[in-house]
Amino acid sequence: MDKKLKIAVCDDNEDILKQTTEQIKKWSEQSGIPIQIFSFSNGDELLKADFSNKLDIIFLDIIMPLLSGMETARELRITDTAVKIIFLTSSPEFALESYDVKAEGYLLKPVSYEKIKKTLDDCCTELIKEAENIVIRTDFGYMKIYYHDIEFIEAMNKKVAVHLSDGKIYETNEPLYYFEAALPLEKGFFKCHRSYLVYMPNVHLFNTSEITFKSGKTVPIARGYSKEFKEAYFDLMFSAT
């Protein structure tokens, strides 16, 4: 992995919080995978941190005062469909409920290092195997979008709209240059106009002035970009065969 994994531990028991955090640090040192670790004693702090930091993995105690772990997980899933949640608990009675929030795992306390290691190894394997995607921040929270679902990305005043092949459109405050940096030509993306970044594998047809996608939507090609786009498109198509 070429980025730091953001991993959080949330538990109201100070000893468990410290122990789990140390086990995760040990895993990072042994695996060589860099991490940024966050520790919280309640669900409210965790929710605020995920919204501002976009966590990758969360170890979450189920039985906590005020906002329980299960309630915290339900709140998380409203604003973040991508984060991997692993529950920590001393009781197996919530195992069935954990499926409702698409939890990755359910570990009974006291949790051994071997179990923490296996869970983190499994999460990393899934993250590597998963189809390429980008996580964007919308008004409703973080959303994972797969490259193969994107037709084009459009700059609109102060917002940027991500247009998907199923007709859905998601808006974000991230500027277009953020997407240009995150989604380069090598990944199949091409900036055909100052306001448009297109995903070439989903192009249906094009001419010197316009690109048409499989959905029927069209975007313009800026003057002077036609030849460059044609070359990039055929380079990508031939390299994929």
# chains A, B, ... in the order shown; residues from 1 in each chain; ligands from 1
>>> residues_around(residues="A:His204", least_positions_apart="5", cutoff="7 Å", atoms="only C-alpha atoms", output="CSV table (one decimal) with N, CA and C atoms, in the first residue's frame")
chain,number,residue,atom,x,y,z
A,212,THR,N,-19.6,10.9,-26.8
A,212,THR,CA,-20.9,10.3,-26.3
A,212,THR,C,-20.6,9.0,-25.5
A,213,PHE,N,-21.3,8.9,-24.4
A,213,PHE,CA,-21.1,7.8,-23.5
A,213,PHE,C,-22.2,6.7,-23.7
A,214,LYS,N,-22.0,5.6,-23.1
A,214,LYS,CA,-22.9,4.5,-23.2
A,214,LYS,C,-24.3,4.8,-22.7
>>> residues_around(residues="stretch 25-33 of chain A", least_positions_apart="3", cutoff="9 Å", atoms="only C-alpha atoms", output="short mmCIF file (atom, residue, chain, number, x, y, z; two decimals) with C-alpha atoms, in the first residue's frame")
data_model
loop_
_atom_site.label_atom_id
_atom_site.label_comp_id
_atom_site.auth_asym_id
_atom_site.auth_seq_id
_atom_site.Cartn_x
_atom_site.Cartn_y
_atom_site.Cartn_z
CA MET A 1 0.00 0.00 0.00
CA ASP A 2 1.31 3.42 -0.94
CA LYS A 3 -0.67 5.40 1.62
CA LYS A 4 -1.03 5.48 5.37
CA LEU A 5 -3.98 3.45 6.61
CA THR A 20 -5.67 -2.71 21.09
CA THR A 21 -3.80 0.39 19.95
CA GLU A 22 -0.45 -1.23 20.84
CA ILE A 37 -3.88 5.65 14.46
CA TYR A 113 -2.62 -10.19 18.84
CA ILE A 116 -5.96 -8.51 15.45
CA LYS A 117 -3.26 -9.45 12.94
CA LEU A 120 -5.99 -6.42 9.63
CA ASP A 121 -4.38 -8.77 7.09
#
>>> residues_around(residues="stretch 60-72 of chain A", least_positions_apart="5", cutoff="6 Å", atoms="only C-alpha atoms", output="list in words")
Cys10, Asp11, Gly43, Phe87, Leu88 and Thr89 of chain A
>>> residues_around(residues="A:Thr218", least_positions_apart="6", cutoff="10 Å", atoms="only C-alpha atoms", output="PyMOL selection string")
chain A and resi 151-152+203-206+210-212
>>> select_by_dssp(residues="stretch 10-206 of chain A", states="helix (DSSP H, G or I)", output="PyMOL selection string")
chain A and resi 14-31+43-53+69-79+92-101+113-129+147-149+176-182+185-187+200-202
>>> atom_distance(atom1="atom CA of A:Ser215", atom2="atom CA of A:Asp166")
7.4 Å
>>> closest_residue(among="A:Ser226, A:Gln36, A:Gln19, A:Asn157", to="A:Asn207", atoms="only C-alpha atoms")
A:Ser226
>>> atom_distance(atom1="atom CA of A:Ser52", atom2="atom CA of A:Cys124")
22.1 Å
>>> closest_residue(among="A:Thr81, A:Asn53, A:Thr125, A:Asn173", to="A:Lys158", atoms="only C-alpha atoms")
A:Asn173
>>> atom_distance(atom1="atom CA of A:Tyr142", atom2="atom CA of A:Thr79")
5.7 Å
